[in-house]
Amino acid sequence: MSDFPKNFPMGFQFGVSTAAYQIEGAAEEDGRGLSIWDTFSRTPGTTRGGATGDVACDHYHRWESDLDLIQELGATAYRFSIAWPRIQPTGDGPANAAGIAFYDRLVDGMLARGIDPVATLFHWDLPQALQDLGGWGNRDTAMRFGEYAELVGEALGDRVKLWVTLNEPYIHLVLGHVLGIHAPGQQLGMDLLPVIHHQLLGHGLAVSALRRVSSSPITLANNYSPVWPKSESDEDQAAAMFYDLVQNRLFTDPVLLGEYPPIVEALTTADIDSIVMDGDLRVISQPIDALGVNYYNPSLISAPVEGEDLPFSRLDITGYPTTDFGWPVVPSALKDLLVQLRQVYGDRLPPIWITESGCSYAPVDDQFRIDYHAGHLAAVREAVEAGVDVRGYCAWSLLDNFEWAAGYDQRFGLVHVDFETQERTRRASFAWFREVCTSAAPRPDLQGEPTG
């Protein structure tokens with residue numbers, strides 16, 4: 001086990017990740033406004049068992065003891081998210097003082113425990129008032145996001161060590177706006193470019209805002225999935241190429257290359273120029289300091305089966321262990337992904353952070369989760385040895401939490417949570433990850449010189 005940190009570069013950081021709506025609770029306290037996930041989860045039939053994030057892990061009231069767990073773990077970075085509706089209850093206007101005060105306390109608590117705050121500005125909890133005006137389909141939402149980023153940056157920018165603008169815009173697009181199984185529950189077909197572009201424009205405006213008020217590095221976190229064609233047939237290869245462009249490049253090319261991949265024309269029925277306005281891509285492609293990579297599994301893709309509306313079909317991957325979610329566990333694909341990112345983007349690729357990776361698995365004696373993280377850390381180490389600049393690995397997640405549409409049935413935490421009593425129980429994987437974290441080489445401040 002101690003080989004992991006010893007074979008990582010000096011300064012490599014080990015951390016944990018969470019998200020506001022999944023853990024905070026206190027949904028109607030201290031002036032917090034309504035989010036799309038409040039609305040969605042309170043709608044009958046949308047989540048397993050009718051679960052909501054109204055209480056979740058009650059982290060809003062238990063944050064000190066939760067930070068104590070991170071300190072005990074020895075993690076040097078904590079990726080958390082800020083609930084936009086706590087800062088701006090309607091997504092507009094001045095900051096809610098009580099909301100800012102909560103994150104002030106939280107960030108100061110991390111620093112007091114030797115933990116670097118890694119703050120995500122948007123982890124899917126859009127203020128409902130903005131959704132009522134069109135959500136990410138409305139260009140104005142991008143403008144509001146930039147203003148929100150500046151408010152947060154002014155309050156916390158002297159202490160946050162790494163900013164993450166957006167979390168998984170592709171997943172938010174597909175599950176929330178195509179399949180309708182996440183908030184806001186829309187099914188827009190393939191007319192998706194406004195939601196795509198306005199998320200990216202919001203990212204760019206947030207980068208500009210944060211640069212004005214904070215000297216800390218900035219990234220965004222994309223969900224990536226290595227794409228495996230079902231066969232070498234032209235049809236399967238074409239479908240896999242299309243899928244790769246949609247999941248892995250649609251939200252990366254504009255940021256790193258300043259242009260959309262060619263498939264963008266298939267994602268709108270409108271004139272592209274009416275959506276992507278002059279100067280937008282310059283805003284979107286401002287330099288970022290890191291690229292956040294969320295990784296869970298590869299994707300097996302074939303040509304569309306009969307009756308399929310999309311230009312591809314996703315198939316089940318067999319022959320590998322699976323999580324309680326049924327996701328295949330393929331650590332080697334993470335190394336392949338990291339090497340591929342370097343090959344595709346070359347000198348345009350900034351240093352990488354693994355901002356999420358983890359598995360749903362219920363038992364407290366969770367050797368499966370230990371094996372998962374051991375395998376994925378080994379894959380990261382191999383990618384580093386192959387020349388990919390990776391700076392950190394954040395395990396998803398610190399705590400069992402509200403797992404979106406799956407409610408409370410899927411458990412990703414290094415720490416088990418009894419949602420009736422809110423009792424926290426350290427899993428076996430917590431002790432294992434603590435040994436990894438506490439054996440790691442010392443690291444400089446996140447704002448310091450590159451390492452490794």
# chains A, B, ... in the order shown; residues from 1 in each chain; ligands from 1
>>> residues_around(residues="Ala431 (chain A)", least_positions_apart="6", cutoff="12 Å", atoms="only C-alpha atoms", output="compact mmCIF listing (two decimals) with all heavy atoms, in the first residue's frame")
# COMPACT_ATOMS: atom_id res chain seq x y z
N MET A 1 0.82 -1.21 0.00
CA MET A 1 0.00 0.00 0.00
C MET A 1 0.85 1.26 0.00
O MET A 1 0.58 2.22 -0.70
CB MET A 1 -0.92 0.00 1.21
CG MET A 1 -1.88 1.14 1.25
SD MET A 1 -2.91 1.14 2.72
CE MET A 1 -3.11 -0.58 3.06
N LEU A 69 -13.36 14.28 10.30
CA LEU A 69 -13.14 13.01 9.61
C LEU A 69 -12.10 13.15 8.50
O LEU A 69 -11.25 12.27 8.32
CB LEU A 69 -14.46 12.49 9.03
CG LEU A 69 -15.47 11.90 10.00
CD1 LEU A 69 -16.80 11.67 9.29
CD2 LEU A 69 -14.95 10.58 10.57
N ILE A 70 -12.18 14.23 7.74
CA ILE A 70 -11.21 14.45 6.67
C ILE A 70 -9.81 14.63 7.24
O ILE A 70 -8.82 14.11 6.71
CB ILE A 70 -11.61 15.66 5.81
CG1 ILE A 70 -13.00 15.45 5.19
CG2 ILE A 70 -10.58 15.90 4.71
CD1 ILE A 70 -13.54 16.65 4.44
N GLU A 72 -8.74 13.41 10.10
CA GLU A 72 -8.33 12.07 10.55
C GLU A 72 -7.88 11.22 9.38
O GLU A 72 -6.92 10.43 9.50
CB GLU A 72 -9.50 11.40 11.28
CG GLU A 72 -9.20 10.00 11.77
CD GLU A 72 -10.43 9.32 12.36
OE1 GLU A 72 -11.40 10.00 12.73
OE2 GLU A 72 -10.42 8.07 12.44
N LEU A 73 -8.56 11.36 8.25
CA LEU A 73 -8.21 10.60 7.05
C LEU A 73 -6.82 10.96 6.55
O LEU A 73 -6.16 10.14 5.90
CB LEU A 73 -9.26 10.87 5.97
CG LEU A 73 -9.22 10.07 4.68
CD1 LEU A 73 -9.46 8.59 4.94
CD2 LEU A 73 -10.27 10.61 3.70
N GLY A 74 -6.38 12.18 6.84
CA GLY A 74 -5.09 12.64 6.34
C GLY A 74 -5.15 13.21 4.95
O GLY A 74 -4.11 13.51 4.34
N ALA A 75 -6.37 13.39 4.41
CA ALA A 75 -6.51 13.98 3.08
C ALA A 75 -6.05 15.43 3.12
O ALA A 75 -6.32 16.17 4.08
CB ALA A 75 -7.96 13.90 2.62
N VAL A 364 -19.85 -2.19 5.30
CA VAL A 364 -18.85 -1.45 6.06
C VAL A 364 -17.48 -2.10 5.90
O VAL A 364 -16.45 -1.43 5.81
CB VAL A 364 -19.26 -1.36 7.54
CG1 VAL A 364 -18.13 -0.77 8.38
CG2 VAL A 364 -20.53 -0.51 7.69
N ASP A 365 -17.46 -3.41 5.84
CA ASP A 365 -16.22 -4.14 5.54
C ASP A 365 -16.11 -4.24 4.03
O ASP A 365 -16.50 -5.24 3.41
CB ASP A 365 -16.25 -5.52 6.20
CG ASP A 365 -14.93 -6.28 6.00
OD1 ASP A 365 -13.96 -5.66 5.53
OD2 ASP A 365 -14.90 -7.48 6.30
N ASP A 366 -15.58 -3.20 3.42
CA ASP A 366 -15.74 -2.99 1.97
C ASP A 366 -14.44 -3.21 1.20
O ASP A 366 -13.89 -2.27 0.61
CB ASP A 366 -16.32 -1.61 1.69
CG ASP A 366 -15.47 -0.47 2.27
OD1 ASP A 366 -14.62 -0.75 3.15
OD2 ASP A 366 -15.66 0.68 1.86
N GLN A 367 -13.99 -4.43 1.17
CA GLN A 367 -12.78 -4.75 0.42
C GLN A 367 -12.93 -4.38 -1.05
O GLN A 367 -11.97 -3.98 -1.71
CB GLN A 367 -12.45 -6.24 0.55
CG GLN A 367 -11.15 -6.65 -0.13
CD GLN A 367 -9.93 -5.99 0.47
OE1 GLN A 367 -9.82 -5.90 1.69
NE2 GLN A 367 -9.01 -5.52 -0.37
N ARG A 369 -14.32 -1.75 -2.31
CA ARG A 369 -13.98 -0.34 -2.50
C ARG A 369 -12.47 -0.13 -2.37
O ARG A 369 -11.88 0.68 -3.09
CB ARG A 369 -14.73 0.53 -1.49
CG ARG A 369 -14.74 2.01 -1.86
CD ARG A 369 -15.45 2.90 -0.84
NE ARG A 369 -16.49 2.23 -0.12
CZ ARG A 369 -17.79 2.19 -0.50
NH1 ARG A 369 -18.17 2.80 -1.60
NH2 ARG A 369 -18.68 1.55 0.25
N ILE A 370 -11.85 -0.86 -1.46
CA ILE A 370 -10.39 -0.79 -1.34
C ILE A 370 -9.74 -1.21 -2.66
O ILE A 370 -8.85 -0.53 -3.19
CB ILE A 370 -9.91 -1.68 -0.19
CG1 ILE A 370 -10.38 -1.11 1.15
CG2 ILE A 370 -8.37 -1.82 -0.21
CD1 ILE A 370 -10.14 -2.03 2.33
N LEU A 414 -16.55 6.55 1.88
CA LEU A 414 -15.56 5.95 2.75
C LEU A 414 -16.11 5.85 4.17
O LEU A 414 -15.64 5.05 4.98
CB LEU A 414 -14.27 6.78 2.76
CG LEU A 414 -13.54 6.96 1.42
CD1 LEU A 414 -12.37 7.92 1.60
CD2 LEU A 414 -13.07 5.64 0.85
N VAL A 415 -17.12 6.68 4.43
CA VAL A 415 -17.80 6.69 5.72
C VAL A 415 -19.26 6.32 5.50
O VAL A 415 -19.95 6.94 4.68
CB VAL A 415 -17.70 8.07 6.40
CG1 VAL A 415 -18.49 8.10 7.71
CG2 VAL A 415 -16.23 8.44 6.64
N THR A 425 -20.02 5.96 10.43
CA THR A 425 -19.20 4.80 10.76
C THR A 425 -18.10 4.67 9.71
O THR A 425 -18.39 4.57 8.51
CB THR A 425 -20.03 3.50 10.79
OG1 THR A 425 -21.10 3.65 11.73
CG2 THR A 425 -19.17 2.31 11.16
N CYS A 437 -3.06 8.29 2.37
CA CYS A 437 -2.93 9.75 2.53
C CYS A 437 -1.79 10.11 3.46
O CYS A 437 -1.00 11.02 3.17
CB CYS A 437 -4.23 10.32 3.09
SG CYS A 437 -5.64 10.27 1.97
N THR A 438 -1.68 9.42 4.57
CA THR A 438 -0.69 9.80 5.57
C THR A 438 0.72 9.36 5.22
O THR A 438 1.69 9.82 5.82
CB THR A 438 -1.07 9.24 6.95
OG1 THR A 438 -1.24 7.82 6.86
CG2 THR A 438 -2.37 9.87 7.44
>>> residues_around(residues="Ile301 (chain A)", least_positions_apart="2", cutoff="10 Å", atoms="only C-alpha atoms", output="PyMOL selection string")
chain A and resi 227-231+236-244+298-299+303-304+312-317
>>> closest_residue(among="A:Glu403, A:Glu235, A:Asp336, A:Asp389", to="Ala290 (chain A)", atoms="only C-alpha atoms")
A:Asp389
>>> residues_around(residues="Glu24 (chain A)", least_positions_apart="5", cutoff="9 Å", atoms="only C-alpha atoms", output="compact mmCIF listing (two decimals) with all heavy atoms, in the first residue's frame")
# COMPACT_ATOMS: atom_id res chain seq x y z
N ALA A 19 -20.77 16.90 -2.74
CA ALA A 19 -21.55 17.95 -3.42
C ALA A 19 -22.62 18.46 -2.48
O ALA A 19 -23.19 17.69 -1.70
CB ALA A 19 -22.17 17.42 -4.71
N GLY A 53 -33.22 15.64 -0.91
CA GLY A 53 -32.04 16.11 -0.21
C GLY A 53 -32.37 17.09 0.90
O GLY A 53 -31.49 17.84 1.33
N ASP A 54 -33.61 17.08 1.38
CA ASP A 54 -34.02 18.05 2.41
C ASP A 54 -33.16 17.96 3.66
O ASP A 54 -32.86 18.98 4.29
CB ASP A 54 -35.49 17.83 2.79
CG ASP A 54 -36.46 18.25 1.69
OD1 ASP A 54 -36.00 18.76 0.65
OD2 ASP A 54 -37.68 18.06 1.87
N VAL A 55 -32.77 16.74 4.03
CA VAL A 55 -31.91 16.53 5.21
C VAL A 55 -30.56 15.95 4.78
O VAL A 55 -29.51 16.39 5.25
CB VAL A 55 -32.59 15.61 6.23
CG1 VAL A 55 -31.66 15.33 7.41
CG2 VAL A 55 -33.90 16.23 6.72
N ALA A 56 -30.60 14.95 3.90
CA ALA A 56 -29.39 14.30 3.40
C ALA A 56 -28.49 13.88 4.57
O ALA A 56 -28.95 13.18 5.48
CB ALA A 56 -28.66 15.20 2.41
N CYS A 57 -27.23 14.32 4.59
CA CYS A 57 -26.30 13.97 5.66
C CYS A 57 -26.29 15.02 6.78
O CYS A 57 -25.45 14.94 7.69
CB CYS A 57 -24.89 13.83 5.12
SG CYS A 57 -24.71 12.62 3.80
N ASP A 58 -27.17 16.01 6.70
CA ASP A 58 -27.23 17.08 7.69
C ASP A 58 -25.87 17.74 7.88
O ASP A 58 -25.53 18.22 8.96
CB ASP A 58 -27.75 16.54 9.03
CG ASP A 58 -28.19 17.66 9.98
OD1 ASP A 58 -28.66 18.70 9.50
OD2 ASP A 58 -28.02 17.48 11.21
N HIS A 59 -25.10 17.79 6.81
CA HIS A 59 -23.75 18.37 6.88
C HIS A 59 -23.79 19.84 7.26
O HIS A 59 -22.83 20.35 7.86
CB HIS A 59 -23.08 18.18 5.51
CG HIS A 59 -21.74 18.84 5.38
ND1 HIS A 59 -20.61 18.33 5.98
CD2 HIS A 59 -21.35 19.96 4.71
CE1 HIS A 59 -19.57 19.11 5.68
NE2 HIS A 59 -19.99 20.10 4.92
N TYR A 60 -24.87 20.53 6.94
CA TYR A 60 -24.98 21.95 7.27
C TYR A 60 -24.82 22.17 8.77
O TYR A 60 -24.27 23.19 9.20
CB TYR A 60 -26.33 22.49 6.79
CG TYR A 60 -26.45 24.00 6.84
CD1 TYR A 60 -25.86 24.79 5.86
CD2 TYR A 60 -27.17 24.62 7.85
CE1 TYR A 60 -25.99 26.18 5.89
CE2 TYR A 60 -27.31 26.01 7.88
CZ TYR A 60 -26.71 26.78 6.91
OH TYR A 60 -26.82 28.15 6.94
N HIS A 61 -25.27 21.20 9.57
CA HIS A 61 -25.15 21.32 11.02
C HIS A 61 -24.00 20.49 11.58
O HIS A 61 -23.62 20.68 12.74
CB HIS A 61 -26.46 20.88 11.69
CG HIS A 61 -27.64 21.68 11.26
ND1 HIS A 61 -28.67 21.14 10.52
CD2 HIS A 61 -27.95 22.99 11.45
CE1 HIS A 61 -29.57 22.07 10.27
NE2 HIS A 61 -29.16 23.20 10.82
N ARG A 62 -23.46 19.57 10.79
CA ARG A 62 -22.44 18.64 11.29
C ARG A 62 -21.11 18.84 10.58
O ARG A 62 -20.25 17.95 10.60
CB ARG A 62 -22.94 17.20 11.10
CG ARG A 62 -24.24 16.91 11.85
CD ARG A 62 -24.85 15.58 11.43
NE ARG A 62 -26.16 15.39 12.04
CZ ARG A 62 -26.38 14.74 13.17
NH1 ARG A 62 -25.37 14.20 13.82
NH2 ARG A 62 -27.61 14.64 13.67
N TRP A 63 -20.94 19.99 9.96
CA TRP A 63 -19.76 20.19 9.14
C TRP A 63 -18.45 20.08 9.93
O TRP A 63 -17.44 19.60 9.40
CB TRP A 63 -19.82 21.53 8.41
CG TRP A 63 -19.83 22.75 9.31
CD1 TRP A 63 -20.92 23.38 9.82
CD2 TRP A 63 -18.69 23.47 9.79
NE1 TRP A 63 -20.54 24.45 10.59
CE2 TRP A 63 -19.18 24.53 10.59
CE3 TRP A 63 -17.31 23.33 9.63
CZ2 TRP A 63 -18.33 25.45 11.23
CZ3 TRP A 63 -16.46 24.24 10.26
CH2 TRP A 63 -16.97 25.28 11.05
>>> select_by_dssp(residues="region 220-418 of chain A", states="strand (DSSP E)", output="number ranges by chain")
A: 220-224, 227-229, 291-295, 299-302, 313-315, 352-356, 390-396, 415-418
>>> write_last_selection(atoms="N, CA, C and O atoms", output="CSV table (one decimal), in the first residue's frame")
chain,number,residue,atom,x,y,z
A,220,LEU,N,-12.4,23.1,-14.6
A,220,LEU,CA,-13.7,22.6,-14.6
A,220,LEU,C,-13.6,21.1,-14.6
A,220,LEU,O,-12.6,20.5,-15.0
A,221,ALA,N,-14.6,20.4,-14.1
A,221,ALA,CA,-14.6,18.9,-14.0
A,221,ALA,C,-15.5,18.3,-15.0
A,221,ALA,O,-16.7,18.5,-14.9
A,222,ASN,N,-15.0,17.6,-16.0
A,222,ASN,CA,-15.7,16.9,-17.0
A,222,ASN,C,-15.8,15.4,-16.6
A,222,ASN,O,-14.8,14.8,-16.1
A,223,ASN,N,-16.9,14.7,-17.0
A,223,ASN,CA,-16.9,13.3,-16.9
A,223,ASN,C,-16.4,12.7,-18.2
A,223,ASN,O,-17.0,13.0,-19.3
A,224,TYR,N,-15.4,11.8,-18.1
A,224,TYR,CA,-14.8,11.2,-19.3
A,224,TYR,C,-15.0,9.7,-19.2
A,224,TYR,O,-15.0,9.1,-18.2
A,227,VAL,N,-14.0,5.1,-24.9
A,227,VAL,CA,-15.0,4.5,-25.8
A,227,VAL,C,-14.5,3.3,-26.5
A,227,VAL,O,-13.5,3.4,-27.2
A,228,TRP,N,-15.2,2.2,-26.3
A,228,TRP,CA,-14.8,0.9,-26.9
A,228,TRP,C,-15.8,0.6,-28.0
A,228,TRP,O,-17.0,0.4,-27.7
A,229,PRO,N,-15.4,0.6,-29.3
A,229,PRO,CA,-16.4,0.2,-30.4
A,229,PRO,C,-16.7,-1.3,-30.2
A,229,PRO,O,-15.8,-2.1,-29.8
A,291,LEU,N,-7.2,20.6,-15.5
A,291,LEU,CA,-8.4,20.0,-16.1
A,291,LEU,C,-8.9,18.9,-15.1
A,291,LEU,O,-8.2,18.0,-14.8
A,292,GLY,N,-10.1,19.1,-14.6
A,292,GLY,CA,-10.7,18.1,-13.7
A,292,GLY,C,-11.3,16.9,-14.5
A,292,GLY,O,-12.0,17.1,-15.5
A,293,VAL,N,-10.9,15.7,-14.1
A,293,VAL,CA,-11.3,14.5,-14.8
A,293,VAL,C,-12.1,13.6,-13.8
A,293,VAL,O,-11.6,13.2,-12.7
A,294,ASN,N,-13.4,13.4,-14.0
A,294,ASN,CA,-14.2,12.5,-13.3
A,294,ASN,C,-14.3,11.2,-14.1
A,294,ASN,O,-14.7,11.2,-15.3
A,295,TYR,N,-13.9,10.1,-13.5
A,295,TYR,CA,-13.9,8.8,-14.2
A,295,TYR,C,-14.6,7.7,-13.4
A,295,TYR,O,-14.3,7.6,-12.2
A,299,SER,N,-17.2,3.0,-22.0
A,299,SER,CA,-18.4,2.8,-22.7
A,299,SER,C,-18.3,2.0,-23.9
A,299,SER,O,-17.4,2.2,-24.7
A,300,LEU,N,-19.1,0.9,-24.0
A,300,LEU,CA,-19.1,0.1,-25.2
A,300,LEU,C,-20.2,0.5,-26.1
A,300,LEU,O,-21.4,0.6,-25.7
A,301,ILE,N,-19.8,0.9,-27.3
A,301,ILE,CA,-20.7,1.6,-28.3
A,301,ILE,C,-20.8,0.8,-29.6
A,301,ILE,O,-19.8,0.3,-30.1
A,302,SER,N,-22.1,0.7,-30.1
A,302,SER,CA,-22.3,0.1,-31.4
A,302,SER,C,-23.1,1.0,-32.2
A,302,SER,O,-23.6,2.0,-31.7
A,313,SER,N,-25.6,3.2,-29.9
A,313,SER,CA,-26.2,2.5,-28.8
A,313,SER,C,-25.2,2.2,-27.8
A,313,SER,O,-24.1,1.8,-28.2
A,314,ARG,N,-25.5,2.3,-26.5
A,314,ARG,CA,-24.6,1.9,-25.4
A,314,ARG,C,-25.0,0.5,-25.0
A,314,ARG,O,-26.1,0.2,-24.8
A,315,LEU,N,-23.9,-0.3,-24.9
A,315,LEU,CA,-24.1,-1.7,-24.6
A,315,LEU,C,-23.5,-2.0,-23.2
A,315,LEU,O,-22.6,-1.3,-22.7
A,352,ILE,N,-3.7,17.7,-14.8
A,352,ILE,CA,-4.9,17.0,-14.6
A,352,ILE,C,-5.1,16.8,-13.1
A,352,ILE,O,-4.2,16.5,-12.3
A,353,TRP,N,-6.3,16.9,-12.6
A,353,TRP,CA,-6.8,16.5,-11.3
A,353,TRP,C,-7.8,15.4,-11.5
A,353,TRP,O,-8.8,15.6,-12.3
A,354,ILE,N,-7.7,14.3,-10.8
A,354,ILE,CA,-8.8,13.3,-10.8
A,354,ILE,C,-9.8,13.9,-9.7
A,354,ILE,O,-9.6,13.7,-8.5
A,355,THR,N,-10.8,14.6,-10.2
A,355,THR,CA,-11.7,15.3,-9.2
A,355,THR,C,-12.8,14.4,-8.7
A,355,THR,O,-13.5,14.7,-7.7
A,356,GLU,N,-13.0,13.2,-9.3
A,356,GLU,CA,-13.9,12.2,-8.8
A,356,GLU,C,-13.5,10.8,-9.4
A,356,GLU,O,-13.2,10.7,-10.5
A,390,VAL,N,-0.4,14.6,-13.7
A,390,VAL,CA,-1.6,14.4,-12.8
A,390,VAL,C,-1.2,14.9,-11.4
A,390,VAL,O,-0.2,14.5,-10.9
A,391,ARG,N,-2.0,15.8,-10.9
A,391,ARG,CA,-1.6,16.5,-9.6
A,391,ARG,C,-2.3,16.0,-8.4
A,391,ARG,O,-1.9,16.2,-7.3
A,392,GLY,N,-3.5,15.3,-8.6
A,392,GLY,CA,-4.2,14.9,-7.4
A,392,GLY,C,-5.3,13.9,-7.7
A,392,GLY,O,-5.7,13.7,-8.9
A,393,TYR,N,-5.8,13.2,-6.7
A,393,TYR,CA,-6.9,12.2,-6.8
A,393,TYR,C,-7.8,12.4,-5.7
A,393,TYR,O,-7.5,12.3,-4.5
A,394,CYS,N,-9.1,12.7,-6.0
A,394,CYS,CA,-10.1,12.9,-5.0
A,394,CYS,C,-11.1,11.7,-5.1
A,394,CYS,O,-11.8,11.5,-6.1
A,395,ALA,N,-11.2,11.0,-4.0
A,395,ALA,CA,-12.1,9.8,-3.9
A,395,ALA,C,-13.5,10.3,-3.8
A,395,ALA,O,-13.8,11.2,-3.0
A,396,TRP,N,-14.4,9.8,-4.6
A,396,TRP,CA,-15.8,10.0,-4.4
A,396,TRP,C,-16.4,8.8,-3.6
A,396,TRP,O,-16.3,7.7,-4.2
A,415,VAL,N,-17.1,6.7,4.4
A,415,VAL,CA,-17.8,6.7,5.7
A,415,VAL,C,-19.3,6.3,5.5
A,415,VAL,O,-20.0,6.9,4.7
A,416,HIS,N,-19.7,5.3,6.2
A,416,HIS,CA,-21.1,4.9,6.2
A,416,HIS,C,-22.0,5.9,7.0
A,416,HIS,O,-21.6,6.3,8.0
A,417,VAL,N,-23.1,6.3,6.4
A,417,VAL,CA,-24.1,7.2,7.1
A,417,VAL,C,-25.4,6.4,7.4
A,417,VAL,O,-26.0,5.9,6.4
A,418,ASP,N,-25.8,6.4,8.6
A,418,ASP,CA,-27.2,5.9,9.0
A,418,ASP,C,-28.1,7.2,8.8
A,418,ASP,O,-28.0,8.1,9.6
>>> closest_atom_pairs(of="region 311-424 of chain A", to="region 176-190 of chain A", cutoff="12 Å", atoms="only C-alpha atoms", output="JSON lines")
{"residue": "A:Pro311", "atom": "CA", "partner": "A:Met190", "partner_atom": "CA", "distance": 10.6}
{"residue": "A:Glu403", "atom": "CA", "partner": "A:His182", "partner_atom": "CA", "distance": 10.8}
{"residue": "A:Trp404", "atom": "CA", "partner": "A:His182", "partner_atom": "CA", "distance": 7.2}
{"residue": "A:Ala405", "atom": "CA", "partner": "A:His182", "partner_atom": "CA", "distance": 6.3}
{"residue": "A:Ala406", "atom": "CA", "partner": "A:His182", "partner_atom": "CA", "distance": 9.9}
{"residue": "A:Gly407", "atom": "CA", "partner": "A:His182", "partner_atom": "CA", "distance": 11.4}
>>> select_by_dssp(residues="region 411-447 of chain A", states="helix (DSSP H, G or I)", output="JSON, numbers by chain")
{"A": [428, 429, 430, 431, 432, 433, 434, 435, 436, 437, 438, 439]}
>>> atom_distance(atom1="CA of Val384 (chain A)", atom2="CA of Met10 (chain A)")
11.9 Å
>>> closest_atom_pairs(of="region 147-225 of chain A", to="region 256-268 of chain A", cutoff="8 Å", atoms="only C-alpha atoms", output="CSV")
residue,atom,partner,partner_atom,distance
A:Met190,CA,A:Leu267,CA,5.1
A:Asp191,CA,A:Thr268,CA,4.3
A:Leu192,CA,A:Leu267,CA,5.4
A:Leu193,CA,A:Thr268,CA,5.5
>>> residues_around(residues="region 76-93 of chain A", least_positions_apart="3", cutoff="7 Å", atoms="only C-alpha atoms", output="ChimeraX atom specification")
/A:13-20,31-35,96,99-100,114-123,125-127,129-130,144
